[in-house]
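Asks: Sharing a structure, written as C-alpha cells. Questions coming.
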Amino acid sequence: MTPDLPAARASALLTIDVGAVAANWRQLRDRLGPGKECAGVVKADAYGLGIAAIAPALAQAGCRHFVVAIIDEGITLRKLLPEAEIIVLGGPWPGCEEDFAEHRLIPVLNSPEQIAAWRALCARRGPLSAVLHLDTGMARLGLTPAERDALRPEDLKNIPLALVMSHLACADEAGNEMNARQLAEFREGLARLQKLLGRPLRASFANSSGIFLGPDYHFDLGRPGVALYGVNPCPGSANPMAPVVRLQGRIIQVRDVDSPQTVGYGATHRVTRRSRIATVAVGYADGYLRYLGNKGCASIGGFRVPVVGRVSMDLITLDVTDIPSPLAHAGAFADLIGPDHDVDALATEAGTIGYEILTSLGNRYHRRYVVGTP
Ligand SMILES: *Cc1c(COP(=O)(O)O)cnc(C)c1O
C-alpha cells in the first residue's frame, strides 16, 4: 500500500478519478445492452489504481460481478465487498480449494485437474459454483477442445456452472481474423456443453476491446478491465473512455546549460545550444519505465517537453528550453500522464501498452481519489 504521503512533500501526485471509472463502467454496461451484465475486472490491485477505492466505486455504480487473477486478491476483495460475486481467473491450485469456499470465491476451472479437485470439494461441502474455461486460441489456461470433448456429465456432478468463459487473443485488432475463429470455436464448445448437460449455460467472452467488436461477442457477461481505467480499447480510433489517471511529477531543479555538455547516465544526450533542463523527482523506481529515456514526453502548462537523457532510479530530465520560463521552476509540476499526454501516448513512447504503464505505477506518489476534476 501507498504510504500516506502529504501532498506538500510529495515528489509526485497521482490523481485517480473514481467518478470516471464509474462512468466508464456505465458506458460499457450500456454498450452491452439490456439483459446483459457487465463485470469489473480488478486484478492486479485494479490495474495498479487501488482496489480499495475502485471496487466500492464500481459496486456503487451497480457492478455486481468482479474478476481477479489470484485467490489472495479475491480474499482482499471479499473484505471490501461482502455481497459481491467474485471470480478468480487462475482457479484453485492444489491445496487451496477450501479457502475458495471459506471466502465464497468462484474459481475458474481451467483444467481437468482443477475440475476434479472442485468436484471432490463439492462432494464434501455440497454444491459450490464455478466457471468453466474453454481455451479457444490462447494456449494458456482453459480446456483444450479435446479435453472439452472428453468431459462426461458426471465430471461436473454437483458443480453448479455459473458461466462458461473464454478469452480473446486479438480483440484490440478489430480486423484480425482470429476474432471470428475464436468466436466460432467458443460457440461450438458452448453448444456441446449445453447438449452434454441438457440445459442452457450462461457465457462470458468479451474483455474491454471485445465489447467493441459488436453484439456477437457479448454473450451474457462482459469482462472489461483496462477500459474502466481510461485506456483506449480501440487502438487507432478516438478513445471512447473518460480519462481516469493524472500523474504530476515535481520539478526539483532547473538548470541553465550554456556550454556544450551531456545530460544523465551514459552521457546519451548532448546539449548543443543554450538550454534549460528541468529535473523531475520521478524515475524508474516509480514505474516511469527506463526505456522512456530520450523517448518520452511530458507536458508543462500545455507545452510538450521531451525527456532528455536516461531515466534514473529517482529522476528524469526534461528539456524546457522552448517553453515560457516562468512555467518551469523548482516546486512546479510536469504532467507525465494527463489531459495533454494520456496513458496510451506514454505507452506508445515506451514501446508498451497502457496496461503495463498503469500496473507499474509506483508507491512513492501522493495518491488522491477524486470524483470529477478537482
Ligand atoms: C485481464 C482479463 C480481462 C480484462 O481484460 P481487459 O483487456 O483489461 O479488458 C478479461 N478476461 C480475462 C480472462 C483476463 O485475463
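Going through the C-alpha cells in order, the chains are called A, B, and so on, while each chain numbers its residues from 1 and the ligands are numbered from 1 in the order shown.
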Could you list, as a PyMOL selection string, all residues that come within 10 Å of ligand 1? Count only C-alpha atoms and all ligand atoms.
Replies: chain A and resi 39-44+46-47+67-69+88-90+108+133+141-142+165-172+204-211+222-229+231-233+354-355
Asks: Mind the document's chain letters and residue numbers, and return as a PyMOL selection string the residues of segment 145-265 of chain A that DSSP labels strand (DSSP E).
Replies: chain A and resi 161-165+203-204+221-222+245-257+261-263
Asks: Identify, on the basis of only C-alpha atoms, every residue whose closest approach to segment 155-158 of chain A does not exceed 8 Å; exclude the query and any residue fewer than 2 positions from it along the same chain; express the result as a list in words.
Replies: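 Near neighbours after the sequence-gap exclusion: Ile115, Ala116, Arg119, Cys122, Ala123, Gly126, Pro127, Leu128, Leu151, Arg152, Pro153 and Pro160 of chain A.
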Asks: Find the spatial neighbours of Asn294 of chain A, counting only C-alpha atoms, within a cut-off of 8 Å - ignore same-chain residues fewer than 6 positions away - and output them as a VMD selection string.
Replies: chain A and resid 269 306 to 310
Asks: For the selection just defined, write its residues with all heavy atoms to a file, as a tab-separated table (two decimals), in the first residue's frame.
Replies:
chain	number	residue	atom	x	y	z
A	269	HIS	N	22.61	12.12	-23.95
A	269	HIS	CA	22.04	13.33	-24.59
A	269	HIS	C	23.07	14.45	-24.53
A	269	HIS	O	23.57	14.80	-23.47
A	269	HIS	CB	20.76	13.77	-23.88
A	269	HIS	CG	20.20	15.06	-24.45
A	269	HIS	ND1	19.53	15.10	-25.66
A	269	HIS	CD2	20.22	16.33	-23.99
A	269	HIS	CE1	19.17	16.35	-25.92
A	269	HIS	NE2	19.58	17.11	-24.92
A	306	PRO	N	10.29	17.23	-24.07
A	306	PRO	CA	10.85	15.88	-24.19
A	306	PRO	C	11.72	15.47	-23.00
A	306	PRO	O	12.38	16.31	-22.40
A	306	PRO	CB	11.71	15.98	-25.46
A	306	PRO	CG	12.12	17.41	-25.52
A	306	PRO	CD	11.03	18.23	-24.88
A	307	VAL	N	11.69	14.18	-22.69
A	307	VAL	CA	12.66	13.61	-21.74
A	307	VAL	C	14.00	13.56	-22.47
A	307	VAL	O	14.08	13.01	-23.58
A	307	VAL	CB	12.24	12.19	-21.32
A	307	VAL	CG1	13.32	11.54	-20.46
A	307	VAL	CG2	10.91	12.22	-20.57
A	308	VAL	N	15.02	14.14	-21.87
A	308	VAL	CA	16.36	14.05	-22.47
A	308	VAL	C	17.26	13.27	-21.52
A	308	VAL	O	17.14	13.38	-20.30
A	308	VAL	CB	16.96	15.45	-22.78
A	308	VAL	CG1	16.21	16.10	-23.93
A	308	VAL	CG2	16.95	16.34	-21.55
A	309	GLY	N	18.12	12.47	-22.07
A	309	GLY	CA	18.99	11.62	-21.27
A	309	GLY	C	18.24	10.41	-20.73
A	309	GLY	O	17.05	10.23	-20.97
A	310	ARG	N	18.99	9.58	-20.01
A	310	ARG	CA	18.40	8.36	-19.48
A	310	ARG	C	17.48	8.64	-18.30
A	310	ARG	O	17.63	9.64	-17.62
A	310	ARG	CB	19.51	7.41	-19.03
A	310	ARG	CG	20.17	6.73	-20.20
A	310	ARG	CD	21.04	5.57	-19.75
A	310	ARG	NE	21.72	5.00	-20.91
A	310	ARG	CZ	22.89	4.39	-20.87
A	310	ARG	NH1	23.53	4.27	-19.71
A	310	ARG	NH2	23.42	3.91	-21.96
Asks: Could you list, as a ChimeraX atom specification, every residue within 8 Å of segment 277-292 of chain A, counting only C-alpha atoms and ignoring same-chain residues fewer than 6 positions away?
Replies: /A:11-12,249-257,307,310-321,328-329,334,349-351,357,360-365
Asks: List every residue of segment 53-267 of chain A that DSSP, applied to the backbone, labels as alpha helix (DSSP H), and write the result as a PyMOL selection string.
Replies: chain A and resi 53-61+71-80+97-102+112-125+145-150+177-197+208-211
Asks: Tell me which protein, DNA and RNA residues are within 7 Å of Gly19 of chain A, counting only C-alpha atoms, leaving out same-chain ones fewer than 2 positions away, and put them as an NGL selection string.
Replies: :A and (17 or 21-23 or 371-372)
Asks: Write to file, as a PDB file, in the first residue's frame, the residues of the selection just made, with C-alpha atoms.
Replies:
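Ended up saving to again.pdb:
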ATOM      1  CA  ASP A  17     -10.889   9.900 -10.826  1.00  0.00           C
ATOM      2  CA  VAL A  21     -14.155   4.772 -13.553  1.00  0.00           C
ATOM      3  CA  ALA A  22     -17.853   4.522 -12.621  1.00  0.00           C
ATOM      4  CA  ALA A  23     -18.847   6.454 -15.770  1.00  0.00           C
ATOM      5  CA  VAL A 371     -14.852  12.336  -8.237  1.00  0.00           C
ATOM      6  CA  GLY A 372     -14.601  14.552 -11.288  1.00  0.00           C
TER       7      GLY A 372
END
